[in-house]
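What follows is a set of notes on a single structure, which appears directly below.
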Amino acid sequence: MKKETRVNHPPDVPLPPDNHPLTFPIYQNVKWEYETVDETLRGIRGEREGYFYSRVSNPTVRQLEMLLAELQQRDECVVCASGVNAIAQTLIALTRSDDHIIFFIESYSPTREIIKSLLGRFGVRSTMLSIEDLSRLECVLKDTPTRLLIFESPTNPVTKIADIPAITALAKKYGALTVLDNTFAGFHQHGQFDIDVFIHSLTKYAAGTGDVMGGAVMGNKSVMQTISAQFRMLGAAIDPHAAFLLMRGLKTYFVRYRAQCISAQAVAEMLAAHPACENVRYPGLSSSRFYTLAKAQMSEFGTVVTFDIKGGAEAGRRFAESLNLFAKAASLGSTESLVFAPQLIKSTGFSTEQLLWSDISAGIVRLSIGLEDVQDLFEDLSQALKHC
Ligand SMILES: Cc1ncc(COP(=O)(O)O)c(C=O)c1O
């Protein structure tokens, strides 16, 4: 064999069957070969075990899917390139022209955009309500046959807690599917509720370090059959190396999430007692109107603390720009703390009534609490609040 050929057909490194690596290998690979054409055909048709093409399935990605399904207490999971991709593909998979869906004012703004701009173009009708207005939710469900409702808890950015048992009961009563974007709550919460489909941005708590993107959808077998088939067709598979990094991130997920929640609680309490701040919305605060509901539904309340700077938008800008330890950046759930100034929190396209429900005020600031020493965070917050 010439060297030019050998570099494309390198030596095999067989492992003894009783000798295993502790970390599952990264199958950084697109194509798999079977011995014969007939076995290849059986593989493609799903009549035998094995892999054919990584857009459809890959062992490294599969390990991540199996772990996430277990964490969220569901039969199946598919992962994809980002959280937004998981939202878009799930909604595309579950709806068809003329279906009606319900979504909420208090949700991640790209979710609202996907529903209005993308699904709207394909004839999917939608109604936007407040997650707190359950009587209007029941009226709409009663009047309009509804395919699904999609919601969050805690919501982004104002951390409202959805009454999950009440919402799922209403959805079941009127035959609608429930889709919960569970990103803020993490993979170990809300699995006990009768939710049909969970969505996560893996970019947040699975990655942990804010350097890799991914999305996931979990549910029981029948709904996941529809969703998985559509995901494969649309081809937004995650890269195996990203899947490996997310598996690595998940090893420290529980320690990180819990430590960051403890710091978030402490920061929320500190801000609630500070004269320059008001309306601290953290659901773990006993003063929060969602506290009782949060306690009943959750074991930890998340790592995002949203509050108002009394001085309004410009004071919020000064506060964000005066912080030294909080990066002025999007996202959440990383080990470093982040701040989002009022100017960056979107409330566009809301009517006056919807704006009120949204709870997005002029001086709103969102903090994502990381793994820094909490005393250092207190000092940084205190010095920055002097500029407001
Ligand atoms: C609640 C929620 N869902 C989905 C996403 C989107 O995730 P990604 O950035 O991985 O696309 C985000 C991102 O901030 C989010 O906060």
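Residues are referred to by chain and number: the chain letter is A, B, ... according to the order shown in the structure tokens, the number counts from 1 in that chain, and ligands are numbered separately from 1 in the order shown.
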
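Every protein or nucleic acid residue with an atom no more than 10 Å from His241 (chain A), counting only C-alpha atoms and leaving out same-chain residues fewer than 6 positions away, appears here: Pro25, Ile26, Tyr27, Gln28, Asn29, Thr60, Val61, Val212 and Met247 of chain A.
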
May I have a table of the residues of chain A lying at most 9 Å from ligand 1, giving each one's closest pair of atoms and their distance in Å to one decimal, counting only C-alpha atoms and all ligand atoms, ordered by chain and ascending residue number, as JSON lines?
{"residue": "A:Ala81", "atom": "CA", "partner": "ligand 1", "partner_atom_place_in_ligand_line": "10 (O)", "distance": 7.7}
{"residue": "A:Ser82", "atom": "CA", "partner": "ligand 1", "partner_atom_place_in_ligand_line": "10 (O)", "distance": 4.0}
{"residue": "A:Gly83", "atom": "CA", "partner": "ligand 1", "partner_atom_place_in_ligand_line": "7 (O)", "distance": 3.4}
{"residue": "A:Val84", "atom": "CA", "partner": "ligand 1", "partner_atom_place_in_ligand_line": "11 (O)", "distance": 3.8}
{"residue": "A:Asn85", "atom": "CA", "partner": "ligand 1", "partner_atom_place_in_ligand_line": "11 (O)", "distance": 6.3}
{"residue": "A:Ala86", "atom": "CA", "partner": "ligand 1", "partner_atom_place_in_ligand_line": "11 (O)", "distance": 7.8}
{"residue": "A:Ile87", "atom": "CA", "partner": "ligand 1", "partner_atom_place_in_ligand_line": "4 (C)", "distance": 7.2}
{"residue": "A:Ser107", "atom": "CA", "partner": "ligand 1", "partner_atom_place_in_ligand_line": "1 (C)", "distance": 7.1}
{"residue": "A:Tyr108", "atom": "CA", "partner": "ligand 1", "partner_atom_place_in_ligand_line": "1 (C)", "distance": 5.4}
{"residue": "A:Ser109", "atom": "CA", "partner": "ligand 1", "partner_atom_place_in_ligand_line": "15 (C)", "distance": 8.7}
{"residue": "A:Pro110", "atom": "CA", "partner": "ligand 1", "partner_atom_place_in_ligand_line": "6 (C)", "distance": 7.7}
{"residue": "A:Thr111", "atom": "CA", "partner": "ligand 1", "partner_atom_place_in_ligand_line": "4 (C)", "distance": 7.5}
{"residue": "A:Glu152", "atom": "CA", "partner": "ligand 1", "partner_atom_place_in_ligand_line": "1 (C)", "distance": 6.6}
{"residue": "A:Ser153", "atom": "CA", "partner": "ligand 1", "partner_atom_place_in_ligand_line": "1 (C)", "distance": 8.4}
{"residue": "A:Pro154", "atom": "CA", "partner": "ligand 1", "partner_atom_place_in_ligand_line": "1 (C)", "distance": 8.4}
{"residue": "A:Thr155", "atom": "CA", "partner": "ligand 1", "partner_atom_place_in_ligand_line": "1 (C)", "distance": 6.7}
{"residue": "A:Asn156", "atom": "CA", "partner": "ligand 1", "partner_atom_place_in_ligand_line": "1 (C)", "distance": 5.5}
{"residue": "A:Pro157", "atom": "CA", "partner": "ligand 1", "partner_atom_place_in_ligand_line": "16 (O)", "distance": 7.7}
{"residue": "A:Asp181", "atom": "CA", "partner": "ligand 1", "partner_atom_place_in_ligand_line": "3 (N)", "distance": 6.0}
{"residue": "A:Asn182", "atom": "CA", "partner": "ligand 1", "partner_atom_place_in_ligand_line": "1 (C)", "distance": 7.0}
{"residue": "A:Thr183", "atom": "CA", "partner": "ligand 1", "partner_atom_place_in_ligand_line": "1 (C)", "distance": 5.1}
{"residue": "A:Phe184", "atom": "CA", "partner": "ligand 1", "partner_atom_place_in_ligand_line": "1 (C)", "distance": 6.1}
{"residue": "A:Ile199", "atom": "CA", "partner": "ligand 1", "partner_atom_place_in_ligand_line": "3 (N)", "distance": 7.7}
{"residue": "A:His200", "atom": "CA", "partner": "ligand 1", "partner_atom_place_in_ligand_line": "3 (N)", "distance": 6.4}
{"residue": "A:Ser201", "atom": "CA", "partner": "ligand 1", "partner_atom_place_in_ligand_line": "10 (O)", "distance": 4.3}
{"residue": "A:Leu202", "atom": "CA", "partner": "ligand 1", "partner_atom_place_in_ligand_line": "10 (O)", "distance": 5.9}
{"residue": "A:Thr203", "atom": "CA", "partner": "ligand 1", "partner_atom_place_in_ligand_line": "10 (O)", "distance": 4.6}
{"residue": "A:Lys204", "atom": "CA", "partner": "ligand 1", "partner_atom_place_in_ligand_line": "10 (O)", "distance": 7.0}
{"residue": "A:Val212", "atom": "CA", "partner": "ligand 1", "partner_atom_place_in_ligand_line": "10 (O)", "distance": 8.8}
{"residue": "A:Met213", "atom": "CA", "partner": "ligand 1", "partner_atom_place_in_ligand_line": "10 (O)", "distance": 5.5}
{"residue": "A:Gly214", "atom": "CA", "partner": "ligand 1", "partner_atom_place_in_ligand_line": "10 (O)", "distance": 5.4}
{"residue": "A:Gly215", "atom": "CA", "partner": "ligand 1", "partner_atom_place_in_ligand_line": "10 (O)", "distance": 5.7}
{"residue": "A:Ala330", "atom": "CA", "partner": "ligand 1", "partner_atom_place_in_ligand_line": "14 (O)", "distance": 7.0}
{"residue": "A:Ser331", "atom": "CA", "partner": "ligand 1", "partner_atom_place_in_ligand_line": "14 (O)", "distance": 4.7}
{"residue": "A:Leu332", "atom": "CA", "partner": "ligand 1", "partner_atom_place_in_ligand_line": "14 (O)", "distance": 6.7}

Selected residues, C-alpha atoms, written as a PDB file, in the first residue's frame, please.
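What follows is the written file again_13.pdb:
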ATOM      1  CA  ALA A  81     -27.920  22.115  17.620  1.00  0.00           C
ATOM      2  CA  SER A  82     -29.467  24.715  20.004  1.00  0.00           C
ATOM      3  CA  GLY A  83     -32.360  25.403  22.337  1.00  0.00           C
ATOM      4  CA  VAL A  84     -34.059  27.607  19.745  1.00  0.00           C
ATOM      5  CA  ASN A  85     -33.703  24.801  17.233  1.00  0.00           C
ATOM      6  CA  ALA A  86     -35.370  22.399  19.703  1.00  0.00           C
ATOM      7  CA  ILE A  87     -38.291  24.828  20.114  1.00  0.00           C
ATOM      8  CA  SER A 107     -41.820  33.546  27.484  1.00  0.00           C
ATOM      9  CA  TYR A 108     -38.426  33.724  25.838  1.00  0.00           C
ATOM     10  CA  SER A 109     -38.811  36.277  23.020  1.00  0.00           C
ATOM     11  CA  PRO A 110     -37.471  34.010  20.196  1.00  0.00           C
ATOM     12  CA  THR A 111     -40.193  31.457  21.119  1.00  0.00           C
ATOM     13  CA  GLU A 152     -41.950  28.059  30.670  1.00  0.00           C
ATOM     14  CA  SER A 153     -41.459  27.860  34.440  1.00  0.00           C
ATOM     15  CA  PRO A 154     -39.663  29.846  35.773  1.00  0.00           C
ATOM     16  CA  THR A 155     -40.245  32.184  32.838  1.00  0.00           C
ATOM     17  CA  ASN A 156     -37.542  34.173  31.051  1.00  0.00           C
ATOM     18  CA  PRO A 157     -36.837  36.937  32.037  1.00  0.00           C
ATOM     19  CA  ASP A 181     -39.509  24.784  28.065  1.00  0.00           C
ATOM     20  CA  ASN A 182     -37.863  23.641  31.293  1.00  0.00           C
ATOM     21  CA  THR A 183     -34.524  25.377  30.713  1.00  0.00           C
ATOM     22  CA  PHE A 184     -34.611  27.556  33.864  1.00  0.00           C
ATOM     23  CA  ILE A 199     -37.648  21.301  25.885  1.00  0.00           C
ATOM     24  CA  HIS A 200     -34.228  22.410  27.121  1.00  0.00           C
ATOM     25  CA  SER A 201     -31.464  24.687  25.975  1.00  0.00           C
ATOM     26  CA  LEU A 202     -28.392  22.566  26.735  1.00  0.00           C
ATOM     27  CA  THR A 203     -26.325  25.702  26.188  1.00  0.00           C
ATOM     28  CA  LYS A 204     -27.149  26.687  29.785  1.00  0.00           C
ATOM     29  CA  VAL A 212     -20.966  24.859  23.756  1.00  0.00           C
ATOM     30  CA  MET A 213     -24.493  24.965  22.331  1.00  0.00           C
ATOM     31  CA  GLY A 214     -27.238  22.359  22.170  1.00  0.00           C
ATOM     32  CA  GLY A 215     -30.943  21.728  22.579  1.00  0.00           C
ATOM     33  CA  ALA A 330     -26.748  37.007  26.988  1.00  0.00           C
ATOM     34  CA  SER A 331     -27.544  33.513  28.247  1.00  0.00           C
ATOM     35  CA  LEU A 332     -27.505  32.072  31.773  1.00  0.00           C
TER      36      LEU A 332
END

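Remark: for Phe244 (chain A), the closest of the candidate residues A:Leu356, A:Val56, A:Leu64, A:Val267 is A:Leu64 (distances computed over only C-alpha atoms).
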
Shell around Val305 (chain A) at 12 Å using only C-alpha atoms, local window under 6 positions removed, as a VMD selection string = chain A and resid 154 to 160 184 260 to 272 279 to 285 288 332 to 333 337 to 340 364 to 370

Convert the current residue selection to file output with C-alpha atoms, as an mmCIF file, in the first residue's frame.
data_model
loop_
_atom_site.group_PDB
_atom_site.id
_atom_site.type_symbol
_atom_site.label_atom_id
_atom_site.label_comp_id
_atom_site.auth_asym_id
_atom_site.auth_seq_id
_atom_site.Cartn_x
_atom_site.Cartn_y
_atom_site.Cartn_z
ATOM 1 C CA PRO A 154 -39.663 29.846 35.773
ATOM 2 C CA THR A 155 -40.245 32.184 32.838
ATOM 3 C CA ASN A 156 -37.542 34.173 31.051
ATOM 4 C CA PRO A 157 -36.837 36.937 32.037
ATOM 5 C CA VAL A 158 -39.193 37.662 34.953
ATOM 6 C CA THR A 159 -39.069 34.209 36.657
ATOM 7 C CA LYS A 160 -42.827 33.787 37.083
ATOM 8 C CA PHE A 184 -34.611 27.556 33.864
ATOM 9 C CA GLN A 260 -25.556 28.565 42.001
ATOM 10 C CA CYS A 261 -29.122 28.407 43.390
ATOM 11 C CA ILE A 262 -27.821 28.945 46.944
ATOM 12 C CA SER A 263 -25.876 32.017 45.763
ATOM 13 C CA ALA A 264 -28.885 33.263 43.752
ATOM 14 C CA GLN A 265 -31.066 33.045 46.873
ATOM 15 C CA ALA A 266 -28.454 35.018 48.854
ATOM 16 C CA VAL A 267 -28.144 37.654 46.107
ATOM 17 C CA ALA A 268 -31.959 37.969 45.887
ATOM 18 C CA GLU A 269 -32.154 38.519 49.660
ATOM 19 C CA MET A 270 -29.367 41.103 49.512
ATOM 20 C CA LEU A 271 -31.057 43.028 46.680
ATOM 21 C CA ALA A 272 -34.486 42.844 48.366
ATOM 22 C CA ASN A 279 -39.619 44.145 42.978
ATOM 23 C CA VAL A 280 -36.975 41.439 43.337
ATOM 24 C CA ARG A 281 -38.717 38.565 41.590
ATOM 25 C CA TYR A 282 -36.721 35.502 42.717
ATOM 26 C CA PRO A 283 -39.292 32.703 43.383
ATOM 27 C CA GLY A 284 -37.301 31.467 46.405
ATOM 28 C CA LEU A 285 -37.947 34.735 48.284
ATOM 29 C CA SER A 288 -42.442 36.580 46.093
ATOM 30 C CA LEU A 332 -27.505 32.072 31.773
ATOM 31 C CA GLY A 333 -26.439 29.021 33.716
ATOM 32 C CA SER A 337 -22.149 35.656 36.529
ATOM 33 C CA LEU A 338 -23.922 37.709 33.865
ATOM 34 C CA VAL A 339 -26.019 40.858 33.754
ATOM 35 C CA PHE A 340 -28.643 41.962 31.246
ATOM 36 C CA ILE A 364 -35.606 45.796 34.898
ATOM 37 C CA VAL A 365 -32.272 43.994 35.288
ATOM 38 C CA ARG A 366 -31.648 40.246 34.940
ATOM 39 C CA LEU A 367 -28.753 38.610 36.729
ATOM 40 C CA SER A 368 -27.514 35.092 36.101
ATOM 41 C CA ILE A 369 -25.584 33.925 39.129
ATOM 42 C CA GLY A 370 -22.412 31.921 38.599
#

Quick one: of A:Met128, A:Ala166, A:Ala243, A:Ala276, who's nearest to Leu385 (chain A), counting only C-alpha atoms?
->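 Selected residue with least distance to Leu385 (chain A): A:Ala276.
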
Quick one: pull the distance between CA of Phe24 (chain A) and CA of Ala207 (chain A), Å, one decimal.
-> 17.2 Å

Tell me which protein, DNA and RNA residues are within 9 Å of Gly50 (chain A), counting only C-alpha atoms, leaving out same-chain ones fewer than 3 positions away, and put them as a short mmCIF file (atom, residue, chain, number, x, y, z; two decimals) with N, CA and C atoms, in the first residue's frame.
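Produced file around33.cif, reproduced below:
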data_model
loop_
_atom_site.label_atom_id
_atom_site.label_comp_id
_atom_site.auth_asym_id
_atom_site.auth_seq_id
_atom_site.Cartn_x
_atom_site.Cartn_y
_atom_site.Cartn_z
N TRP A 32 -20.78 5.14 8.74
CA TRP A 32 -20.47 3.79 9.25
C TRP A 32 -20.64 2.79 8.11
N TYR A 34 -21.25 -1.29 7.00
CA TYR A 34 -21.61 -2.68 7.33
C TYR A 34 -20.85 -3.58 6.35
N GLY A 43 -29.79 -1.89 8.00
CA GLY A 43 -29.42 -0.81 8.93
C GLY A 43 -30.20 0.46 8.64
N GLY A 46 -33.70 0.37 9.72
CA GLY A 46 -33.89 0.22 11.16
C GLY A 46 -34.23 -1.20 11.56
#

Using only C-alpha atoms, which protein or nucleic acid residues come within 12 Å of Lys251 (chain A)? Drop anything in the same chain fewer than 2 positions from it, and give the result as an mmCIF file with N, CA and C atoms, in the first residue's frame.
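Final output, part_8.cif:
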data_model
loop_
_atom_site.group_PDB
_atom_site.id
_atom_site.type_symbol
_atom_site.label_atom_id
_atom_site.label_comp_id
_atom_site.auth_asym_id
_atom_site.auth_seq_id
_atom_site.Cartn_x
_atom_site.Cartn_y
_atom_site.Cartn_z
ATOM 1 N N THR A 23 -14.207 6.998 29.937
ATOM 2 C CA THR A 23 -15.066 7.968 29.246
ATOM 3 C C THR A 23 -15.432 7.398 27.890
ATOM 4 N N LEU A 64 -25.847 10.904 25.147
ATOM 5 C CA LEU A 64 -26.391 12.141 25.721
ATOM 6 C C LEU A 64 -27.926 12.080 25.766
ATOM 7 N N LEU A 67 -29.130 9.721 28.564
ATOM 8 C CA LEU A 67 -28.944 10.295 29.901
ATOM 9 C C LEU A 67 -30.002 11.370 30.176
ATOM 10 N N LEU A 68 -30.230 12.245 29.195
ATOM 11 C CA LEU A 68 -31.176 13.347 29.403
ATOM 12 C C LEU A 68 -32.609 12.829 29.580
ATOM 13 N N TYR A 205 -27.380 24.937 31.492
ATOM 14 C CA TYR A 205 -26.876 24.154 32.628
ATOM 15 C C TYR A 205 -26.167 22.865 32.228
ATOM 16 N N ALA A 206 -26.408 22.336 31.033
ATOM 17 C CA ALA A 206 -25.693 21.106 30.647
ATOM 18 C C ALA A 206 -24.253 21.467 30.326
ATOM 19 N N ALA A 207 -24.082 22.509 29.510
ATOM 20 C CA ALA A 207 -22.724 22.951 29.187
ATOM 21 C C ALA A 207 -22.066 23.494 30.450
ATOM 22 N N GLY A 208 -22.752 24.392 31.131
ATOM 23 C CA GLY A 208 -22.251 24.938 32.398
ATOM 24 C C GLY A 208 -21.200 26.020 32.225
ATOM 25 N N PHE A 244 -20.268 15.311 23.312
ATOM 26 C CA PHE A 244 -19.279 14.858 24.308
ATOM 27 C C PHE A 244 -19.055 15.948 25.372
ATOM 28 N N LEU A 245 -18.915 17.202 24.919
ATOM 29 C CA LEU A 245 -18.679 18.291 25.886
ATOM 30 C C LEU A 245 -19.881 18.457 26.815
ATOM 31 N N LEU A 246 -21.094 18.259 26.258
ATOM 32 C CA LEU A 246 -22.294 18.370 27.092
ATOM 33 C C LEU A 246 -22.362 17.221 28.104
ATOM 34 N N MET A 247 -21.952 16.016 27.691
ATOM 35 C CA MET A 247 -21.896 14.883 28.631
ATOM 36 C C MET A 247 -20.913 15.216 29.758
ATOM 37 N N ARG A 248 -19.812 15.815 29.391
ATOM 38 C CA ARG A 248 -18.804 16.180 30.399
ATOM 39 C C ARG A 248 -19.359 17.235 31.345
ATOM 40 N N GLY A 249 -20.060 18.221 30.768
ATOM 41 C CA GLY A 249 -20.677 19.256 31.603
ATOM 42 C C GLY A 249 -21.684 18.665 32.575
ATOM 43 N N TYR A 253 -23.304 18.868 36.765
ATOM 44 C CA TYR A 253 -24.547 19.642 36.706
ATOM 45 C C TYR A 253 -25.179 19.850 38.086
ATOM 46 N N PHE A 254 -25.368 18.766 38.836
ATOM 47 C CA PHE A 254 -26.094 18.898 40.110
ATOM 48 C C PHE A 254 -25.337 19.792 41.098
ATOM 49 N N VAL A 255 -24.015 19.608 41.174
ATOM 50 C CA VAL A 255 -23.236 20.429 42.131
ATOM 51 C C VAL A 255 -23.295 21.902 41.719
ATOM 52 N N ARG A 256 -23.141 22.140 40.426
ATOM 53 C CA ARG A 256 -23.151 23.533 39.952
ATOM 54 C C ARG A 256 -24.520 24.165 40.188
ATOM 55 N N TYR A 257 -25.573 23.454 39.709
ATOM 56 C CA TYR A 257 -26.917 24.036 39.769
ATOM 57 C C TYR A 257 -27.282 24.378 41.213
#

Just give me the gap between CA of Lys295 (chain A) and CA of Phe307 (chain A) in Å, one decimal is fine.
->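 Computing it gives 20.1 Å between the two atoms.
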
With distances taken over only C-alpha atoms, which of A:Leu180, A:Ala69, A:Leu41, A:Ala341 is nearest to Gly316 (chain A)?
-> A:Ala341

Atomic distance CA of Asp133 (chain A) - CA of Leu355 (chain A), expressed in Å with one decimal | 14.0 Å

Based on DSSP run over this structure's backbone, return all residues of region 54-215 of chain A in strand (DSSP E or B), as a PyMOL selection string.
-> chain A and resi 76-80+100-104+125-129+148-152+177-181+197-201+215

Could you write out, as a VMD selection string, all the residues of region 189-234 of chain A that DSSP marks as helix (DSSP H, G or I)?
-> chain A and resid 221 to 234
